[in-house]
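Asker: For reference, the file entry.pdb (PDB, C-alpha atoms) is included below:
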```pdb
MODEL        1
ATOM      1  CA  MET A   1     131.178  27.153 -62.296
ATOM      2  CA  GLY A   2     133.581  29.603 -60.656
ATOM      3  CA  THR A   3     133.098  32.628 -58.444
ATOM      4  CA  ILE A   4     132.056  36.209 -59.118
ATOM      5  CA  LEU A   5     135.719  37.213 -59.487
ATOM      6  CA  ARG A   6     136.741  34.184 -61.560
ATOM      7  CA  MET A   7     133.660  33.251 -63.556
ATOM      8  CA  GLY A   8     133.593  29.915 -65.290
ATOM      9  CA  SER A   9     131.622  29.120 -68.417
ATOM     10  CA  GLY A  10     128.497  28.151 -66.479
ATOM     11  CA  TYR A  11     128.414  31.030 -63.999
ATOM     12  CA  PHE A  12     126.506  33.631 -66.012
ATOM     13  CA  PRO A  13     123.880  31.250 -67.477
ATOM     14  CA  THR A  14     123.241  29.800 -64.013
ATOM     15  CA  ILE A  15     122.801  33.208 -62.364
ATOM     16  CA  LEU A  16     120.626  34.398 -65.253
ATOM     17  CA  SER A  17     118.409  31.314 -65.058
ATOM     18  CA  VAL A  18     117.992  31.701 -61.278
ATOM     19  CA  LEU A  19     116.965  35.347 -61.764
ATOM     20  CA  LEU A  20     114.507  34.461 -64.524
ATOM     21  CA  ILE A  21     112.996  31.661 -62.434
ATOM     22  CA  GLY A  22     112.657  34.092 -59.522
ATOM     23  CA  PHE A  23     110.897  36.674 -61.701
ATOM     24  CA  GLY A  24     108.644  33.972 -63.118
ATOM     25  CA  ILE A  25     107.631  32.780 -59.652
ATOM     26  CA  ALA A  26     106.995  36.364 -58.515
ATOM     27  CA  LEU A  27     104.805  37.050 -61.571
ATOM     28  CA  MET A  28     102.931  33.779 -61.097
ATOM     29  CA  LEU A  29     102.205  34.576 -57.443
ATOM     30  CA  ARG A  30     101.069  38.083 -58.348
ATOM     31  CA  ALA A  31      98.793  36.710 -61.054
ATOM     32  CA  LEU A  32      97.246  34.191 -58.670
ATOM     33  CA  THR A  33      96.526  36.818 -56.005
ATOM     34  CA  THR A  34      95.009  39.539 -58.194
ATOM     35  CA  THR A  35      91.484  39.834 -59.538
ATOM     36  CA  GLU A  36      92.386  42.015 -62.529
ATOM     37  CA  SER A  37      91.492  40.705 -65.947
ATOM     38  CA  ILE A  38      93.765  40.995 -68.953
ATOM     39  CA  ASP A  39      92.544  41.724 -72.454
ATOM     40  CA  PRO A  40      93.741  38.729 -74.497
ATOM     41  CA  GLY A  41      94.038  40.697 -77.738
ATOM     42  CA  TRP A  42      96.750  39.920 -80.296
ATOM     43  CA  SER A  43      98.791  42.481 -82.145
ATOM     44  CA  PHE A  44      99.254  41.153 -85.642
ATOM     45  CA  LYS A  45     101.317  44.231 -86.498
ATOM     46  CA  ALA A  46     103.830  43.312 -83.784
ATOM     47  CA  LEU A  47     103.699  39.645 -84.793
ATOM     48  CA  ILE A  48     104.944  40.607 -88.256
ATOM     49  CA  ILE A  49     107.233  43.584 -87.567
ATOM     50  CA  LEU A  50     109.231  42.203 -84.597
ATOM     51  CA  PRO A  51     110.627  39.121 -86.375
ATOM     52  CA  ILE A  52     111.534  41.317 -89.344
ATOM     53  CA  ALA A  53     113.381  43.741 -87.015
ATOM     54  CA  PHE A  54     115.259  40.843 -85.367
ATOM     55  CA  ALA A  55     116.194  39.352 -88.741
ATOM     56  CA  LEU A  56     117.365  42.745 -90.017
ATOM     57  CA  PHE A  57     119.536  43.141 -86.917
ATOM     58  CA  GLY A  58     121.216  39.802 -87.591
ATOM     59  CA  PHE A  59     121.606  40.590 -91.292
ATOM     60  CA  LEU A  60     123.003  44.094 -90.754
ATOM     61  CA  LEU A  61     125.330  43.337 -87.833
ATOM     62  CA  ASP A  62     128.309  42.179 -89.894
ATOM     63  CA  ARG A  63     127.311  43.866 -93.167
ATOM     64  CA  ALA A  64     126.638  47.447 -92.001
ATOM     65  CA  GLY A  65     127.963  47.443 -88.429
ATOM     66  CA  PHE A  66     126.673  47.460 -84.860
ATOM     67  CA  VAL A  67     125.343  51.021 -84.866
ATOM     68  CA  PRO A  68     123.023  50.745 -87.913
ATOM     69  CA  ALA A  69     121.865  47.274 -86.845
ATOM     70  CA  MET A  70     121.019  48.399 -83.310
ATOM     71  CA  PHE A  71     119.306  51.556 -84.566
ATOM     72  CA  ILE A  72     117.117  49.548 -86.974
ATOM     73  CA  LEU A  73     116.295  47.013 -84.233
ATOM     74  CA  ILE A  74     115.127  49.713 -81.818
ATOM     75  CA  LEU A  75     113.227  51.605 -84.513
ATOM     76  CA  GLY A  76     111.513  48.444 -85.739
ATOM     77  CA  SER A  77     110.603  47.389 -82.207
ATOM     78  CA  ALA A  78     109.050  50.783 -81.546
ATOM     79  CA  ILE A  79     107.092  50.733 -84.803
ATOM     80  CA  ALA A  80     105.521  47.443 -83.683
ATOM     81  CA  GLY A  81     103.922  49.189 -80.700
ATOM     82  CA  ASN A  82     100.648  51.087 -80.643
ATOM     83  CA  GLU A  83     102.000  54.437 -79.394
ATOM     84  CA  PHE A  84     104.677  55.276 -81.965
ATOM     85  CA  ARG A  85     105.954  58.867 -81.840
ATOM     86  CA  LEU A  86     108.828  59.529 -84.234
ATOM     87  CA  VAL A  87     110.696  62.167 -82.192
ATOM     88  CA  GLU A  88     110.556  60.101 -78.991
ATOM     89  CA  VAL A  89     111.607  56.932 -80.806
ATOM     90  CA  LEU A  90     114.547  58.653 -82.509
ATOM     91  CA  GLY A  91     115.738  59.995 -79.146
ATOM     92  CA  LEU A  92     115.332  56.570 -77.559
ATOM     93  CA  ALA A  93     117.105  54.865 -80.463
ATOM     94  CA  ILE A  94     120.077  57.235 -80.213
ATOM     95  CA  PHE A  95     120.287  56.854 -76.426
ATOM     96  CA  MET A  96     119.953  53.051 -76.491
ATOM     97  CA  THR A  97     122.460  52.704 -79.339
ATOM     98  CA  VAL A  98     125.052  54.782 -77.460
ATOM     99  CA  LEU A  99     124.349  52.814 -74.277
ATOM    100  CA  SER A 100     124.664  49.521 -76.177
ATOM    101  CA  ILE A 101     127.987  50.631 -77.663
ATOM    102  CA  GLY A 102     129.242  51.382 -74.161
ATOM    103  CA  VAL A 103     128.059  48.076 -72.724
ATOM    104  CA  PHE A 104     128.728  45.601 -75.529
ATOM    105  CA  ILE A 105     131.675  47.034 -77.458
ATOM    106  CA  TYR A 106     133.629  48.905 -74.781
ATOM    107  CA  GLY A 107     132.409  47.213 -71.598
ATOM    108  CA  LEU A 108     132.310  43.572 -72.718
ATOM    109  CA  GLY A 109     134.803  43.991 -75.556
ATOM    110  CA  LEU A 110     132.685  42.208 -78.169
ATOM    111  CA  PRO A 111     134.383  42.281 -81.581
ATOM    112  CA  TYR A 112     131.563  43.883 -83.573
ATOM    113  CA  PRO A 113     132.458  46.600 -86.069
ATOM    114  CA  MET A 114     130.714  49.854 -85.219
ATOM    115  CA  TYR A 115     130.305  50.794 -88.910
ATOM    116  CA  VAL A 116     131.056  49.063 -92.182
ATOM    117  CA  TRP A 117     131.551  51.563 -94.977
ATOM    118  CA  PRO A 118     130.587  50.992 -97.694
ATOM    119  CA  PRO A 119     128.004  48.477 -96.455
ATOM    120  CA  ASN A 120     128.395  44.951 -97.785
ATOM    121  CA  PHE A 121     124.868  43.686 -98.399
ATOM    122  CA  LYS A 122     125.987  40.512-100.149
ATOM    123  CA  ILE A 123     124.497  37.321 -98.764
ATOM    124  CA  HIS A 124     127.256  35.006 -97.511
TER
ENDMDL
END
```
Would you mind giving the structure from this file in structure tokens?
Answerer:
Amino acid sequence: MGTILRMGSGYFPTILSVLLIGFGIALMLRALTTTESIDPGWSFKALIILPIAFALFGFLLDRAGFVPAMFILILGSAIAGNEFRLVEVLGLAIFMTVLSIGVFIYGLGLPYPMYVWPPNFKIH
């Protein structure tokens, strides 16, 4: 598994799973101790738009680049919500795209192209 300085292949998934289990237990305990009720309503708009946004991200990642794919993912995710405001979403999309470039491309060194020009929309 390795150490924090010399991580093995199982280090990150193990730490991530421990954190997720911890959050799950904390949420379960909070839910068992509260008397609040939750409205069990479904959002059919989100049920349709979110998978489309995820699929577009996967489709655009190697055909148009990381920046357009991330921008479309964030925009589509925001459209699926009930409180969509275009100016706020555009600001958030720009901020999150720049942050994602810093984390994934420069920080982690993932080999995604930032832009592909002209875009190649052919299906492989």
Asker: When the PyMOL selection byres ((chain A and resi 78) around 10) is applied to the structure above, which residues does it catch, written out as a PyMOL selection string?
Answerer: chain A and resi 46+49-50+53+72-77+79-86+88-90+92-93
Asker: Quick one: residues within 10 Å of Met1 of chain A, all atoms listed in the file, excluding same-chain residues fewer than 2 positions away - as an MDAnalysis selection string?
Answerer: chainID A and resid 3:4 6:14
Asker: Kindly give the distance, in Å, that separates atom CA of Phe66 of chain A and atom CA of Ile101 of chain A, rounded to a single decimal.
Answerer: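 Atom CA of Phe66 of chain A sits 8.0 Å away from atom CA of Ile101 of chain A.
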Asker: Between atom CA of Ile52 of chain A and atom CA of Met114 of chain A, what is the distance, to one decimal in Å?
Answerer: 21.4 Å
Asker: Give me the residues within 8 Å of Tyr112 of chain A as number ranges by chain, counting all atoms listed in the file and dropping any in the same chain fewer than 6 places off.
Answerer: A: 61-62, 65-66, 105
Asker: Can you list, as number ranges by chain, the residues that the PyMOL selection byres ((chain A and resi 121) around 10) selects here?
Answerer: A: 59-60, 62-64, 118-120, 122-124
